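These notes concern the structure reproduced below.
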Amino acid sequence: MSVAEETTTTANAPFDNPDGDIILHSTPDHVDFYFFKVILSLMSPVFKDMFTLPQNGLHSDVLSVPVIPVTESSVTLEALLLLCYPATTPTFHSLDNAKAVIEAAKKYDMQAVLDRAADLAMSQFLLTHFLELYALSCRFGWQHHAQTAALRALEIKNLGRPSTEFESMRDITALDYHRLLIYHHACSVAAQAVGNSLSWLEPSILSEDMPMWSHNCPCKIYAGPRMLQVADFPNMRITQWFNEYLVSSGKKLYERPCESTVRELTAYNRAISKAAECSVCRSTVVESMYKFRALYIAQVQMVVTNVKMVPS
């Protein structure tokens, strides 16, 4: 079928309103979108300037409504125009769909639409496409979104090794990727340091019966020379099983500095199992380790959140 014979269809509501005074025609799909010049003029300087030009030859044969052919697909155009309405929020079908809408918003200089599309893409795809969103944010200068995406990227173990590759690497500069690696390393150092000193604990915890640093625990006889600051007590001997837990979790946090690393059960369960071999520790270790891990997670979250990316 030739182009001239292609059947044109009308878009779904709200873009089928016959009162519209402009039609945007999606040339790839041959779909007409009825819209209003005043809204397009407010949202896009490009369309505003276009409407001041002579529009001869752009009228439809039937309704004498100006028709502007655009190269965006109907899926992209629908989301783009829905974002022009403050009360409507579309759902992107995929990250590629979101990227296409963002590119169209940039093309037509729709700043408000661009901002909304960026926020929507972050809310929909951050959990699964954080590296791609980091690249997109760097490209468009969205520093706050880049920081958010980089924070999620801490889930990647040993980011920077040759195996760490993602689809949008072609869209990112070497400098922005380097910024991501610097951020990941800074978070690694900060997260690992949490277990090197427990000075961040509240002093009140010393009054609780916590077997990992209990004064009357026989485990400490075999604990070795490890002394650690706990709350405001500068030199407290800790048990061997707790020391091993801190060292093991610290190494893991250096590789993957995020909350989910501390939630992993291997080192946690191993510590509890070893503590259960002690006649004193076994009675309270489960409750004590559960409480400590919650505090540990909160502190890791705090120190990582305080790390900021190097400005571009």
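We label chains A, B, ... in the order they appear in the structure tokens, count residues from 1 in each chain, and number ligands from 1 in the order shown.
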Which residues come within 9 Å of Ala190 of chain A, counting only C-alpha atoms, excluding same-chain residues fewer than 5 positions away, as a count of residues only?
7
Segment 209-306 of chain A near segment 146-161 of chain A within 10 Å: what's each residue's closest atom pair and its distance in Å to one decimal, counting only C-alpha atoms, ordered by chain then ascending residue number, as a Markdown table?
```
| residue | atom | partner | partner_atom | distance |
| --- | --- | --- | --- | --- |
| A:Lys252 | CA | A:Lys157 | CA | 8.6 |
| A:Leu253 | CA | A:Lys157 | CA | 9.0 |
| A:Tyr254 | CA | A:Asn158 | CA | 8.2 |
| A:Glu255 | CA | A:Asn158 | CA | 4.9 |
| A:Arg256 | CA | A:Lys157 | CA | 4.6 |
| A:Pro257 | CA | A:Leu154 | CA | 5.7 |
| A:Cys258 | CA | A:Leu154 | CA | 5.9 |
| A:Glu259 | CA | A:Glu155 | CA | 8.6 |
| A:Ser260 | CA | A:Glu155 | CA | 7.7 |
| A:Thr261 | CA | A:Glu155 | CA | 8.2 |
| A:Val304 | CA | A:Leu151 | CA | 8.1 |
| A:Thr305 | CA | A:Leu151 | CA | 7.8 |
```
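For the set A:Asp32, A:Asp109, A:Glu78, A:Asp209, the residue with the smallest atom-to-atom gap to Cys281 of chain A is A:Asp209, counting only C-alpha atoms.
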Who sits within 9 Å of Val46 of chain A, only C-alpha atoms, same chain under 6 positions skipped, as a PyMOL selection string:
chain A and resi 40+107-110
Long-range neighbours of Pro28 of chain A as a PDB file with all heavy atoms, in the first residue's frame, 8 Å cut-off, only C-alpha atoms, 3 positions minimum in chain:
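part28.pdb, freshly written:
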```
ATOM      1  N   THR A  71       7.175  13.502  13.386  1.00  0.00           N
ATOM      2  CA  THR A  71       7.845  12.223  13.173  1.00  0.00           C
ATOM      3  C   THR A  71       7.709  11.274  14.353  1.00  0.00           C
ATOM      4  O   THR A  71       8.112  10.109  14.257  1.00  0.00           O
ATOM      5  CB  THR A  71       9.344  12.453  12.910  1.00  0.00           C
ATOM      6  OG1 THR A  71       9.910  13.162  14.020  1.00  0.00           O
ATOM      7  CG2 THR A  71       9.544  13.265  11.634  1.00  0.00           C
ATOM      8  N   GLU A  72       7.161  11.728  15.474  1.00  0.00           N
ATOM      9  CA  GLU A  72       7.009  10.863  16.648  1.00  0.00           C
ATOM     10  C   GLU A  72       5.921   9.819  16.430  1.00  0.00           C
ATOM     11  O   GLU A  72       4.916  10.082  15.770  1.00  0.00           O
ATOM     12  CB  GLU A  72       6.681  11.692  17.889  1.00  0.00           C
ATOM     13  CG  GLU A  72       7.845  12.488  18.451  1.00  0.00           C
ATOM     14  CD  GLU A  72       8.231  13.675  17.589  1.00  0.00           C
ATOM     15  OE1 GLU A  72       7.322  14.244  16.929  1.00  0.00           O
ATOM     16  OE2 GLU A  72       9.417  14.045  17.561  1.00  0.00           O
ATOM     17  N   SER A  73       6.108   8.655  17.017  1.00  0.00           N
ATOM     18  CA  SER A  73       5.083   7.609  16.948  1.00  0.00           C
ATOM     19  C   SER A  73       3.861   8.031  17.751  1.00  0.00           C
ATOM     20  O   SER A  73       3.927   8.940  18.588  1.00  0.00           O
ATOM     21  CB  SER A  73       5.628   6.289  17.497  1.00  0.00           C
ATOM     22  OG  SER A  73       5.793   6.379  18.903  1.00  0.00           O
ATOM     23  N   SER A  74       2.760   7.361  17.517  1.00  0.00           N
ATOM     24  CA  SER A  74       1.536   7.702  18.240  1.00  0.00           C
ATOM     25  C   SER A  74       1.681   7.434  19.735  1.00  0.00           C
ATOM     26  O   SER A  74       1.122   8.152  20.564  1.00  0.00           O
ATOM     27  CB  SER A  74       0.346   6.915  17.675  1.00  0.00           C
ATOM     28  OG  SER A  74       0.568   5.522  17.764  1.00  0.00           O
TER      29      SER A  74
END
```
Nearest to Val70 of chain A among A:Lys99, A:Lys48, A:Arg237, A:His30, with distances taken over only C-alpha atoms: which residue is it?
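Result for the nearest residue to Val70 of chain A: A:His30.
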For segment 23-25 of chain A, list every protein, DNA or RNA residue within 10 Å, evaluated using only C-alpha atoms, and leave out those in the same chain fewer than 2 positions away; present the list as JSON, numbers by chain.
{"A": [8, 9, 10, 11, 15, 16, 18, 20, 21, 27, 28, 29, 30, 31, 32, 33, 34, 35, 36, 37, 58, 59, 60, 65, 66, 67, 68, 69, 70, 71, 72, 73, 74, 77]}
Could the residues in this selection be written to a file with C-alpha atoms, as a PDB file, in the first residue's frame?
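Final output, out39.pdb:
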```
ATOM      1  CA  THR A   8      -5.459   7.671   8.921  1.00  0.00           C
ATOM      2  CA  THR A   9      -7.079   6.975  12.263  1.00  0.00           C
ATOM      3  CA  THR A  10      -7.994   9.284  15.120  1.00  0.00           C
ATOM      4  CA  ALA A  11      -6.272   8.988  18.497  1.00  0.00           C
ATOM      5  CA  PHE A  15      -7.275  13.594  21.578  1.00  0.00           C
ATOM      6  CA  ASP A  16     -10.393  12.866  19.535  1.00  0.00           C
ATOM      7  CA  PRO A  18     -13.539  17.691  17.267  1.00  0.00           C
ATOM      8  CA  GLY A  20      -9.549  20.969  18.682  1.00  0.00           C
ATOM      9  CA  ASP A  21      -8.111  23.711  16.493  1.00  0.00           C
ATOM     10  CA  THR A  27       3.512  10.088  10.310  1.00  0.00           C
ATOM     11  CA  PRO A  28       4.906   6.674  11.353  1.00  0.00           C
ATOM     12  CA  ASP A  29       1.484   5.416  12.492  1.00  0.00           C
ATOM     13  CA  HIS A  30      -0.863   7.728  10.554  1.00  0.00           C
ATOM     14  CA  VAL A  31      -2.752   8.762  13.671  1.00  0.00           C
ATOM     15  CA  ASP A  32      -4.325  12.199  14.127  1.00  0.00           C
ATOM     16  CA  PHE A  33      -4.275  13.917  17.517  1.00  0.00           C
ATOM     17  CA  TYR A  34      -6.757  16.782  17.968  1.00  0.00           C
ATOM     18  CA  PHE A  35      -5.292  19.386  20.289  1.00  0.00           C
ATOM     19  CA  PHE A  36      -5.445  23.098  21.101  1.00  0.00           C
ATOM     20  CA  LYS A  37      -3.055  25.757  19.879  1.00  0.00           C
ATOM     21  CA  LEU A  58      -1.633  22.312   6.175  1.00  0.00           C
ATOM     22  CA  HIS A  59      -5.440  22.218   6.311  1.00  0.00           C
ATOM     23  CA  SER A  60      -7.366  18.968   6.162  1.00  0.00           C
ATOM     24  CA  VAL A  65      -8.251  22.341  10.709  1.00  0.00           C
ATOM     25  CA  PRO A  66      -4.482  22.835  10.388  1.00  0.00           C
ATOM     26  CA  VAL A  67      -2.587  19.549  10.290  1.00  0.00           C
ATOM     27  CA  ILE A  68       1.039  19.413  11.378  1.00  0.00           C
ATOM     28  CA  PRO A  69       2.902  16.204  10.513  1.00  0.00           C
ATOM     29  CA  VAL A  70       5.350  15.069  13.202  1.00  0.00           C
ATOM     30  CA  THR A  71       7.845  12.223  13.173  1.00  0.00           C
ATOM     31  CA  GLU A  72       7.009  10.863  16.648  1.00  0.00           C
ATOM     32  CA  SER A  73       5.083   7.609  16.948  1.00  0.00           C
ATOM     33  CA  SER A  74       1.536   7.702  18.240  1.00  0.00           C
ATOM     34  CA  LEU A  77       2.969  11.603  20.967  1.00  0.00           C
TER      35      LEU A  77
END
```
Neighbours of Leu175 of chain A within 12 Å (only C-alpha atoms; same-chain residues fewer than 5 positions away dropped), as a ChimeraX atom specification?
/A:135,138-139,169,180-182,310-312
Can you pull out every residue from segment 98-259 of chain A that DSSP, working from the backbone, puts in strand (DSSP E or B), and format the result as a PyMOL selection string?
chain A and resi 198+227-230+233-237
Per DSSP on the backbone, what are the alpha helix (DSSP H) residues of segment 93-139 of chain A, as a ChimeraX atom specification?
/A:95-107,111-125,130-139
Calculated over only C-alpha atoms, which of the candidates A:His178, A:Lys251, A:Arg282, A:Lys291 has the smallest distance to Leu201 of chain A?
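For Leu201 of chain A, the nearest of the candidates is A:Lys291.
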Quick one: residues within 9 Å of segment 114-125 of chain A, only C-alpha atoms, excluding same-chain residues fewer than 2 positions away - as JSON, numbers by chain?
{"A": [79, 80, 83, 89, 90, 91, 92, 94, 95, 98, 99, 101, 102, 103, 104, 105, 106, 109, 110, 111, 112, 127, 128, 129, 130, 133, 137, 142, 145, 148, 149]}
